[in-house]
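This is query.txt (compact mmCIF, C-alpha atoms).
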# COMPACT_ATOMS: atom_id res chain seq x y z
CA MET I 17 24.96 10.16 10.80
CA LEU I 18 27.37 12.39 8.95
CA GLN I 19 26.06 10.91 5.72
CA VAL I 20 22.51 11.69 6.87
CA GLN I 21 23.53 15.29 7.49
CA GLN I 22 24.69 15.44 3.89
CA GLY I 23 21.29 14.25 2.68
CA ASP I 24 22.10 10.56 2.14
CA GLU I 25 18.69 8.86 2.10
CA GLN I 26 20.19 5.39 2.29
CA ALA I 27 22.10 6.31 5.43
CA TYR I 28 18.90 7.64 6.98
CA SER I 29 17.11 4.40 6.14
CA GLU I 30 19.88 2.39 7.76
CA LEU I 31 19.71 4.43 10.94
CA PHE I 32 15.95 4.10 10.94
CA ALA I 33 16.16 0.32 10.46
CA ARG I 34 18.72 -0.02 13.25
CA HIS I 35 16.87 2.00 15.87
CA LYS I 36 13.18 1.89 14.93
CA ARG I 37 12.29 -0.91 17.35
CA SER I 38 13.98 0.66 20.34
CA VAL I 39 12.42 4.06 19.63
CA PHE I 40 8.98 2.53 19.26
CA GLY I 41 9.64 0.51 22.41
CA TYR I 42 10.30 3.79 24.20
CA THR I 43 7.32 5.73 22.87
CA SER I 44 4.89 2.87 23.40
CA ARG I 45 6.10 2.38 27.00
CA PHE I 46 5.22 5.95 27.84
CA ILE I 47 2.11 6.47 25.78
CA ARG I 48 -0.60 3.91 26.26
CA ASP I 49 -2.77 5.03 23.37
CA GLU I 50 -1.27 3.06 20.49
CA ALA I 51 -2.38 5.49 17.79
CA ARG I 52 -0.84 8.37 19.74
CA ALA I 53 2.35 6.37 20.31
CA GLN I 54 2.60 5.84 16.58
CA GLU I 55 2.18 9.58 15.96
CA VAL I 56 4.94 10.34 18.43
CA PHE I 57 7.18 7.74 16.78
CA GLN I 58 6.65 9.44 13.41
CA ASP I 59 7.21 12.89 14.91
CA THR I 60 10.44 11.68 16.46
CA TRP I 61 11.87 10.51 13.15
CA LEU I 62 10.69 13.64 11.40
CA LYS I 63 12.55 15.68 14.01
CA VAL I 64 15.63 13.52 13.48
CA HIS I 65 15.54 14.57 9.85
CA ARG I 66 14.80 18.23 10.58
CA SER I 67 17.41 18.46 13.34
CA ARG I 68 20.13 16.48 11.61
CA HIS I 69 22.34 19.56 11.37
CA THR I 70 22.32 19.94 15.15
CA TYR I 71 24.02 16.59 15.62
CA ARG I 72 27.59 17.15 16.77
CA GLN I 73 30.30 15.08 15.17
CA GLY I 74 31.69 12.59 17.65
CA ALA I 75 28.57 12.48 19.80
CA ARG I 76 26.91 9.13 20.35
CA PHE I 77 24.03 8.92 17.90
CA LYS I 78 21.79 6.88 20.17
CA THR I 79 22.00 9.51 22.91
CA TRP I 80 21.10 12.25 20.44
CA LEU I 81 18.24 10.14 19.07
CA PHE I 82 16.82 9.37 22.49
CA THR I 83 17.06 13.01 23.49
CA ILE I 84 14.69 13.76 20.63
CA ALA I 85 12.52 10.74 21.42
CA ALA I 86 12.34 11.65 25.10
CA ASN I 87 11.41 15.27 24.45
CA THR I 88 8.80 14.37 21.87
CA THR I 89 7.35 11.65 24.05
CA ARG I 90 7.33 13.84 27.12
CA ASP I 91 5.49 16.62 25.35
CA ALA I 92 2.85 14.19 24.12
CA TYR I 93 2.66 12.39 27.44
CA ARG I 94 2.19 15.56 29.44
CA SER I 95 -0.44 16.75 27.03
CA SER I 96 -2.17 13.42 27.42
CA GLN I 97 -1.91 13.64 31.20
CA ARG I 98 -3.49 17.06 31.22
CA ARG I 99 -6.44 15.74 29.26
CA ILE I 100 -6.75 12.68 31.47
CA GLN I 101 -6.62 14.75 34.62
CA THR I 102 -9.61 16.76 33.59
CA VAL I 103 -11.82 13.70 33.45
CA ASP I 104 -10.03 11.16 35.62
CA SER I 105 -8.01 10.87 38.78
CA PRO I 106 -4.66 12.67 38.92
CA VAL I 107 -1.78 10.78 37.41
CA GLU I 108 0.38 11.12 40.53
CA ALA I 109 -2.32 9.45 42.56
CA ARG I 110 -2.50 6.66 40.03
CA SER I 111 1.24 6.22 40.22
CA ALA I 112 1.39 6.27 44.00
CA HIS I 113 -1.26 3.61 44.45
CA HIS I 114 -0.38 1.48 41.51
CA ARG I 115 0.95 -1.96 42.27
CA PRO I 116 1.65 -4.69 39.77
CA SER I 117 -0.62 -7.66 39.97
CA ASP I 118 2.30 -9.94 39.22
CA HIS I 119 5.63 -9.20 40.89
CA ALA I 120 7.45 -10.65 37.88
CA ASP I 121 5.97 -8.02 35.61
CA LEU I 122 8.69 -5.42 35.73
CA HIS I 123 7.07 -3.50 32.91
CA THR I 124 4.04 -2.92 35.07
CA ALA I 125 6.21 -2.01 38.02
CA ILE I 126 8.11 0.57 35.97
CA GLU I 127 4.82 2.07 34.87
CA GLY I 128 4.08 2.67 38.53
CA LEU I 129 7.05 5.00 38.92
CA PRO I 130 6.61 8.78 38.82
CA ASP I 131 7.37 10.16 35.35
CA SER I 132 10.68 11.80 36.23
CA LEU I 133 12.07 8.61 37.76
CA ARG I 134 10.68 6.42 35.04
CA GLU I 135 12.37 8.42 32.27
CA ALA I 136 15.72 8.34 34.02
CA PHE I 137 15.43 4.65 34.85
CA TYR I 138 14.50 3.76 31.29
CA MET I 139 17.40 5.73 29.85
CA GLY I 140 19.99 4.71 32.39
CA ALA I 141 19.12 1.20 33.51
CA VAL I 142 17.26 -0.11 30.48
CA GLN I 143 18.95 1.65 27.54
CA GLY I 144 22.32 1.60 29.28
CA PHE I 145 23.17 5.30 28.99
CA ASP I 146 25.67 6.64 31.50
CA HIS I 147 24.74 9.45 33.86
CA ASN I 148 26.09 12.14 31.57
CA GLU I 149 24.06 10.82 28.66
CA VAL I 150 20.90 10.54 30.74
CA ALA I 151 21.49 14.07 31.93
CA GLU I 152 21.90 15.33 28.39
CA ALA I 153 18.83 13.51 27.14
CA LEU I 154 16.62 14.73 29.97
CA GLY I 155 18.11 18.20 30.34
CA ILE I 156 19.16 17.70 33.96
CA SER I 157 22.50 17.56 35.78
CA PRO I 158 24.48 14.28 35.89
CA ALA I 159 24.12 14.21 39.68
CA ASN I 160 20.38 14.57 39.34
CA ALA I 161 20.33 11.81 36.73
CA ARG I 162 22.20 9.47 39.03
CA ALA I 163 19.91 10.33 41.94
CA ARG I 164 16.79 9.69 39.88
CA ILE I 165 18.01 6.30 38.66
CA SER I 166 18.95 5.35 42.19
CA ARG I 167 15.57 6.40 43.57
CA ALA I 168 13.80 4.59 40.77
CA ARG I 169 15.64 1.38 41.57
CA ALA I 170 14.87 1.76 45.26
CA GLN I 171 11.18 2.30 44.56
CA LEU I 172 11.10 -0.68 42.21
CA ARG I 173 12.65 -2.87 44.84
CA GLU I 174 9.98 -1.74 47.27
CA ILE I 175 7.20 -2.32 44.77
CA LEU I 176 8.44 -5.77 43.88
CA LYS I 177 9.17 -6.72 47.48
CA GLY I 178 5.86 -5.40 48.70
CA ASP I 179 4.00 -7.32 46.10
CA ALA I 180 5.83 -10.59 46.63
CA MET A 2 9.65 -10.34 32.48
CA SER A 3 10.51 -13.19 34.77
CA ASP A 4 14.25 -13.54 34.18
CA PRO A 5 16.01 -12.99 37.53
CA GLN A 6 19.30 -12.11 35.82
CA LEU A 7 17.68 -9.32 33.81
CA LEU A 8 15.83 -8.09 36.86
CA ASP A 9 19.03 -7.97 38.89
CA TYR A 10 20.77 -6.04 36.11
CA LEU A 11 18.02 -3.47 35.82
CA LEU A 12 18.02 -2.98 39.56
CA GLY A 13 21.77 -2.46 39.50
CA GLU A 14 22.47 -5.66 41.39
CA GLY A 15 23.78 -7.98 38.72
CA PRO A 16 25.98 -8.26 35.64
CA GLU A 17 24.92 -7.28 32.15
CA PRO A 18 22.53 -9.83 30.62
CA ARG A 19 23.37 -11.84 27.54
CA PRO A 20 23.00 -10.17 24.13
CA GLY A 21 19.45 -10.06 22.89
CA GLN A 22 17.99 -10.55 26.34
CA LEU A 23 17.77 -6.82 26.95
CA ALA A 24 16.52 -6.15 23.44
CA ASP A 25 13.45 -8.28 24.14
CA PHE A 26 12.71 -5.89 26.95
CA THR A 27 13.53 -2.60 25.28
CA GLU A 28 12.39 -3.10 21.69
CA GLU A 29 8.93 -3.25 20.22
CA ALA A 30 7.97 -4.46 16.75
CA LEU A 31 6.38 -1.78 14.60
CA PRO A 32 2.70 -2.20 13.70
CA ASP A 33 1.93 -2.79 10.03
CA GLY A 34 2.34 0.32 7.91
CA LEU A 35 4.04 2.48 10.55
CA GLU A 36 7.48 2.22 8.99
CA GLU A 37 6.14 3.12 5.58
CA ARG A 38 4.09 6.05 6.88
CA THR A 39 7.06 7.38 8.80
CA LEU A 40 9.48 7.16 5.89
CA ASN A 41 6.90 8.73 3.60
CA ARG A 42 6.55 11.70 5.94
CA VAL A 43 10.30 12.15 5.96
CA ALA A 44 10.43 11.79 2.17
CA VAL A 45 7.86 14.54 1.79
CA GLU A 46 9.85 16.74 4.14
CA ARG A 47 13.08 15.98 2.31
CA THR A 48 11.73 17.04 -1.04
CA ARG A 49 10.70 20.47 0.17
CA LEU A 50 7.08 20.12 -0.86
CA SER A 51 4.96 22.83 0.62
CA PRO A 52 1.31 23.78 0.48
CA ALA A 53 0.47 25.22 -2.91
CA VAL A 54 -1.59 28.04 -1.57
CA GLN A 55 1.03 29.21 0.89
CA GLN A 56 2.24 32.78 0.33
CA HIS A 57 0.02 33.31 -2.67
CA THR A 58 -2.28 36.23 -2.83
CA TRP A 59 -5.24 34.10 -3.75
CA ARG A 60 -5.12 32.17 -0.50
CA ARG A 61 -7.90 34.28 0.93
CA ALA A 62 -9.96 33.68 -2.14
CA TRP A 63 -9.36 29.98 -1.72
CA ALA A 64 -10.62 30.24 1.82
CA VAL A 65 -13.88 31.83 0.79
CA GLY A 66 -14.73 29.23 -1.72
CA LEU A 67 -12.80 29.74 -4.90
CA ALA A 68 -11.24 26.32 -4.64
CA ILE A 69 -13.66 25.01 -7.18
CA ALA A 70 -12.88 27.84 -9.55
CA ALA A 71 -9.16 27.25 -9.13
CA SER A 72 -9.72 23.62 -9.88
CA PHE A 73 -11.39 24.58 -13.13
CA VAL A 74 -8.51 26.88 -13.97
CA ILE A 75 -6.10 24.03 -13.49
CA ALA A 76 -8.25 21.72 -15.53
CA LEU A 77 -8.29 24.22 -18.36
CA THR A 78 -4.64 25.07 -18.26
CA ILE A 79 -2.94 21.76 -17.56
CA PRO A 80 -2.21 20.04 -20.83
CA GLU A 81 -1.93 16.33 -21.18
CA SER A 82 1.64 15.17 -21.04
CA SER A 83 3.21 15.56 -24.40
CA GLU A 84 6.18 13.38 -23.60
CA THR A 85 4.49 10.03 -23.39
CA PRO A 86 7.03 7.28 -23.15
CA GLN A 87 4.13 5.03 -22.28
CA GLY A 88 2.34 5.70 -25.55
CA ASN A 89 1.74 2.02 -25.97
CA LEU A 90 0.31 1.55 -22.50
CA GLU A 91 -2.68 -0.25 -23.90
CA ASN A 92 -0.47 -3.08 -25.01
CA MET A 93 1.26 -3.26 -21.68
CA THR A 94 -1.76 -3.58 -19.45
CA ALA A 95 -2.03 -7.21 -20.42
CA LYS A 96 1.22 -8.03 -18.72
CA GLY A 97 1.19 -9.60 -15.27
CA LEU A 98 0.79 -7.29 -12.32
CA VAL A 99 0.14 -4.29 -14.48
CA GLN A 100 -3.45 -5.38 -14.82
CA SER A 101 -4.17 -4.65 -11.17
CA ALA A 102 -2.66 -1.15 -11.09
CA PRO A 103 -4.80 1.86 -11.96
CA MET A 104 -3.95 3.58 -15.24
CA VAL A 105 -2.50 6.98 -14.50
CA HIS A 106 -1.95 10.16 -16.39
CA LEU A 107 0.16 12.97 -14.97
CA LYS A 108 -0.55 16.63 -15.57
CA LEU A 109 1.46 19.64 -14.47
CA ALA A 110 0.67 23.31 -14.01
CA ARG A 111 3.01 26.20 -13.28
CA MET A 112 2.20 28.68 -10.56
CA GLU A 113 2.58 32.22 -11.85
CA SER A 114 1.60 35.25 -9.79
CA GLY A 115 -0.62 33.08 -7.68
CA GLU A 116 -2.39 31.47 -10.58
CA ALA A 117 -2.06 28.06 -12.17
CA VAL A 118 -1.03 28.35 -15.81
CA ARG A 119 -0.26 25.89 -18.54
CA HIS A 120 2.92 23.88 -18.20
CA ARG A 121 5.00 24.04 -21.35
CA SER A 122 7.66 21.45 -21.94
CA ASP A 123 9.77 23.97 -23.87
CA ARG A 124 9.86 26.52 -21.07
CA ALA A 125 12.58 26.14 -18.45
CA TYR A 126 11.84 26.76 -14.80
CA ARG A 127 13.87 29.02 -12.55
CA ALA A 128 14.50 28.98 -8.81
CA GLY A 129 11.47 30.27 -6.98
CA GLU A 130 8.94 29.00 -9.49
CA SER A 131 6.57 26.20 -8.60
CA LEU A 132 4.66 23.31 -10.07
CA LEU A 133 1.32 21.73 -9.20
CA PHE A 134 0.46 18.12 -9.92
CA ARG A 135 -2.71 16.44 -11.03
CA VAL A 136 -3.23 12.75 -11.68
CA GLN A 137 -5.98 11.25 -13.76
CA SER A 138 -6.73 7.66 -12.79
CA ASN A 139 -9.18 5.09 -14.09
CA SER A 140 -9.65 3.47 -10.68
CA SER A 141 -9.02 4.17 -7.04
CA GLY A 142 -5.65 3.25 -5.61
CA TRP A 143 -2.36 4.78 -4.59
CA ILE A 144 0.16 6.82 -6.51
CA THR A 145 3.73 7.72 -5.74
CA LEU A 146 5.15 10.91 -7.22
CA LEU A 147 8.82 10.64 -8.11
CA ASN A 148 11.39 13.18 -9.17
CA ALA A 149 14.45 12.36 -11.26
CA GLN A 150 17.33 14.77 -11.74
CA GLY A 151 20.45 13.42 -13.35
CA ASP A 152 21.40 10.23 -11.53
CA ARG A 153 19.20 11.05 -8.59
CA LEU A 154 15.75 9.53 -8.12
CA SER A 155 13.60 10.32 -5.10
CA ALA A 156 10.09 9.67 -3.89
CA VAL A 157 8.31 12.96 -3.37
CA LEU A 158 4.85 12.07 -2.18
CA GLN A 159 2.53 9.11 -1.85
CA THR A 160 -1.20 9.53 -1.69
CA GLN A 161 -4.51 7.87 -2.45
CA VAL A 162 -6.35 8.69 -5.64
CA GLU A 163 -9.91 8.17 -6.77
CA VAL A 164 -11.33 7.65 -10.23
CA GLY A 165 -10.95 10.80 -12.31
CA ASP A 166 -8.78 13.86 -11.71
CA ASN A 167 -6.93 14.17 -8.42
CA ASP A 168 -4.95 17.21 -7.34
CA LEU A 169 -2.00 15.86 -5.39
CA VAL A 170 -2.20 16.92 -1.78
CA LEU A 171 0.02 16.80 1.28
CA PRO A 172 -0.88 14.63 4.27
CA ASN A 173 -2.53 17.69 5.84
CA GLY A 174 -4.88 17.96 2.88
CA GLU A 175 -3.36 21.05 1.28
CA ILE A 176 -2.47 21.02 -2.40
CA ALA A 177 1.20 20.19 -2.91
CA GLN A 178 3.56 22.20 -5.01
CA TRP A 179 7.16 21.67 -5.98
CA GLN A 180 9.25 24.77 -5.39
CA PHE A 181 12.34 24.92 -7.56
CA ASP A 182 15.52 26.14 -5.94
CA SER A 183 19.06 26.81 -7.06
CA THR A 184 20.08 23.17 -6.64
CA ASP A 185 17.47 21.80 -9.05
CA GLN A 186 18.47 20.46 -12.45
CA SER A 187 16.45 19.47 -15.48
CA GLY A 188 14.82 16.10 -15.13
CA PHE A 189 11.32 14.71 -14.94
CA PHE A 190 8.44 13.94 -12.63
CA ALA A 191 6.80 10.53 -12.75
CA VAL A 192 3.81 8.92 -11.07
CA ILE A 193 3.60 5.24 -10.27
CA SER A 194 0.24 3.72 -9.46
CA SER A 195 -0.57 0.71 -7.35
CA GLU A 196 -3.60 -0.87 -5.72
CA SER A 197 -2.12 -0.52 -2.25
CA PRO A 198 0.57 1.77 -0.81
CA LEU A 199 4.09 0.85 -1.88
CA PRO A 200 7.04 1.33 0.46
CA SER A 201 8.59 4.34 -1.23
CA GLU A 202 12.17 3.42 -0.35
CA THR A 203 11.72 -0.03 -1.85
CA LEU A 204 10.04 1.42 -4.91
CA VAL A 205 12.93 3.78 -5.55
CA GLN A 206 15.51 1.09 -4.95
CA GLN A 207 13.83 -1.27 -7.40
CA LEU A 208 13.56 1.40 -10.05
CA ARG A 209 17.18 2.40 -9.56
CA ALA A 210 18.25 -1.20 -9.93
CA ALA A 211 16.09 -1.86 -12.99
CA ALA A 212 16.69 1.35 -14.95
CA ASP A 213 19.78 0.96 -17.10
CA GLU A 214 20.32 4.54 -18.15
CA ARG A 215 22.07 7.23 -16.16
CA PRO A 216 21.09 9.93 -16.03
CA PHE A 217 17.52 8.65 -15.80
CA GLN A 218 15.69 9.10 -19.08
CA VAL A 219 12.08 10.15 -19.23
CA ARG A 220 11.44 8.12 -22.36
CA SER A 221 12.53 4.82 -20.90
CA PHE A 222 11.65 5.31 -17.25
CA CYS A 223 8.01 4.26 -17.47
CA LEU A 224 8.85 1.26 -19.58
CA THR A 225 11.10 0.15 -16.75
CA ALA A 226 8.38 0.77 -14.19
CA GLN A 227 5.84 -1.15 -16.23
CA ALA A 228 8.21 -4.07 -16.58
CA LEU A 229 8.26 -4.14 -12.78
CA GLY A 230 4.46 -4.29 -12.74
CA TRP A 231 3.50 -0.67 -12.10
CA GLN A 232 1.59 1.78 -14.21
CA CYS A 233 3.47 4.97 -14.83
CA ASP A 234 3.43 8.35 -16.49
CA ALA A 235 6.23 10.90 -16.66
CA ILE A 236 6.75 14.47 -17.84
CA GLU A 237 10.05 16.14 -18.55
CA VAL A 238 10.78 19.41 -16.81
CA MET A 239 13.57 21.75 -17.84
CA VAL A 240 15.33 23.91 -15.28
CA THR A 241 17.65 26.85 -15.90
CA GLN A 242 19.67 28.77 -13.33
Go through the file and emit its structure as structure tokens.
Amino acid sequence: MLQVQQGDEQAYSELFARHKRSVFGYTSRFIRDEARAQEVFQDTWLKVHRSRHTYRQGARFKTWLFTIAANTTRDAYRSSQRRIQTVDSPVEARSAHHRPSDHADLHTAIEGLPDSLREAFYMGAVQGFDHNEVAEALGISPANARARISRARAQLREILKGDA
Amino acid sequence: MSDPQLLDYLLGEGPEPRPGQLADFTEEALPDGLEERTLNRVAVERTRLSPAVQQHTWRRAWAVGLAIAASFVIALTIPESSETPQGNLENMTAKGLVQSAPMVHLKLARMESGEAVRHRSDRAYRAGESLLFRVQSNSSGWITLLNAQGDRLSAVLQTQVEVGDNDLVLPNGEIAQWQFDSTDQSGFFAVISSESPLPSETLVQQLRAAADERPFQVRSFCLTAQALGWQCDAIEVMVTQ
């Protein structure tokens, strides 16, 4: 990343190659419209380039990257939600009543979580960030991050148990 | 997602899954073209290209319909490239892949007090001055604009072109201009044409590997590109600080 900060294009390409699939995995989980998910993916990497000087030496790159990805995705997702809510049922209602058709489909179950829990769960449980990293990426306190992940797991257990 | 071990891990009730197992859950393959589009956007950003009409007094005139007039001004003032390392292009089109790439001809114009004026190869540019680009093509396709300065070669912009003259534009549709700054050195701009979009990073890497001379030389650069199967044109640009 330090090489990227100094304008090394090859270093940027290597970082892109290493993390592109996980970033796209993240954006496409949260944004169902594939074209929009692709736009957010591009915006994320553009912001990585533009914000490269804000990266602090010694910080974990993946946490910094997912902070950008999460913020960019959230902005797009909320914008999308606002549009959907004007013509469709409220998103919270969709989330509350959503149940996976197949209990083995954890992806579907995760989609049923409220946004705040889903973000924290994805960062903490799926990407393996610790509570401090989740907190940094989502702009919340570490205690709040831990509570959200815990609540997300509890809700998932209920969803999966209830659907079994 | 039917693996009980992975499920237990995600729910905080089991050990970490084996390597690769989690990646299948967290990663997603990129759709065709997304990687290239993303890297192109970053390349454009990196090279400091900005809309040509930005901050120029004739922007308002552009808005009210003088775009056509400006286009004529450029057409009248942009000379054909005088440095033509590809002077024997006709002979080269018979070689392999070159046949499928559109023939290209690069033209430059200098922005001066908000107006496009003739680019002169004997006049050095200073920080703050800008260049516009126009490409003449004999068929529709894609072109990649490259900049070489010393040992450095970078992709500036990739865009579609149609038959005839094409002002090079940014992804948002605005005319692109290169703004010189204090870090610029003398070098050259080159355009590479292709039937379909080329991954710009790969293109640059191949050209770097194939070009023998450092610093890059305008007179041999297009010969190298053509040997790789691409049509090319290049113009030298002098910079003074």
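Within 7 Å of range 128-134 of chain A, once only C-alpha atoms are used and residues closer than 2 positions along the same chain are dropped, the contacting residues are Lys108, Leu109, Ala110, Arg111, Met112, Tyr126, Val136, Asp168, Leu169, Ala177, Gln178, Trp179, Gln180, Phe181, Asp182, Ser183 and Gln242 of chain A.
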Original post:
Within 6 Å of chain I, which residues of chain A show up when using all atoms listed in the file, listed as an MDAnalysis selection string?
Top reply: chainID A and resid 2:3 11:12 27:30 39 43
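Note that the spacing between CA of Pro216 in chain A and CA of Asp152 in chain A amounts to 4.5 Å.
The shell of residues at most 8 Å from Gly151 in chain A, with all atoms listed in the file counted and near chain neighbours (fewer than 5 positions) removed, consists of Gln186, Ser187, Gly188, Arg215, Pro216 and Phe217 of chain A.
For the atom pair formed by CA of Thr184 in chain A and CA of Ser221 in chain A, the distance is 24.4 Å, given to one decimal.
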Next on the checklist: Env of range 198-202 of chain A: 6 Å cut, atoms = all atoms listed in the file, seq-sep filter 3 positions within chain, self excluded. Answer as a ChimeraX atom specification.
Outcome noted: /A:37,143,205
Selection above as a file: C-alpha atoms, as a CSV table (one decimal), keeping the file's coordinate frame:
chain,number,residue,atom,x,y,z
A,37,GLU,CA,6.1,3.1,5.6
A,143,TRP,CA,-2.4,4.8,-4.6
A,205,VAL,CA,12.9,3.8,-5.6
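Counting from CA of Ile84 in chain I, the distance to CA of Ile47 in chain I is 15.4 Å.
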One residue among A:Thr203, A:Gln150, A:Ser195, A:Gln6 is nearest to Val240 in chain A when using all atoms listed in the file, and that residue is A:Gln150
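Nearest to Ala75 in chain I of all the residues I:Ala163, I:Glu152, I:Pro158, I:Glu135 is I:Glu152, based on only C-alpha atoms.
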Axis-aligned box over every listed atom of range 141-144 of chain I, padded by 5 Å per side: centre and edges in Å to one decimal, as JSON?
{"center_x": 19.8, "center_y": 0.8, "center_z": 30.5, "size_x": 15.1, "size_y": 11.8, "size_z": 16.0}
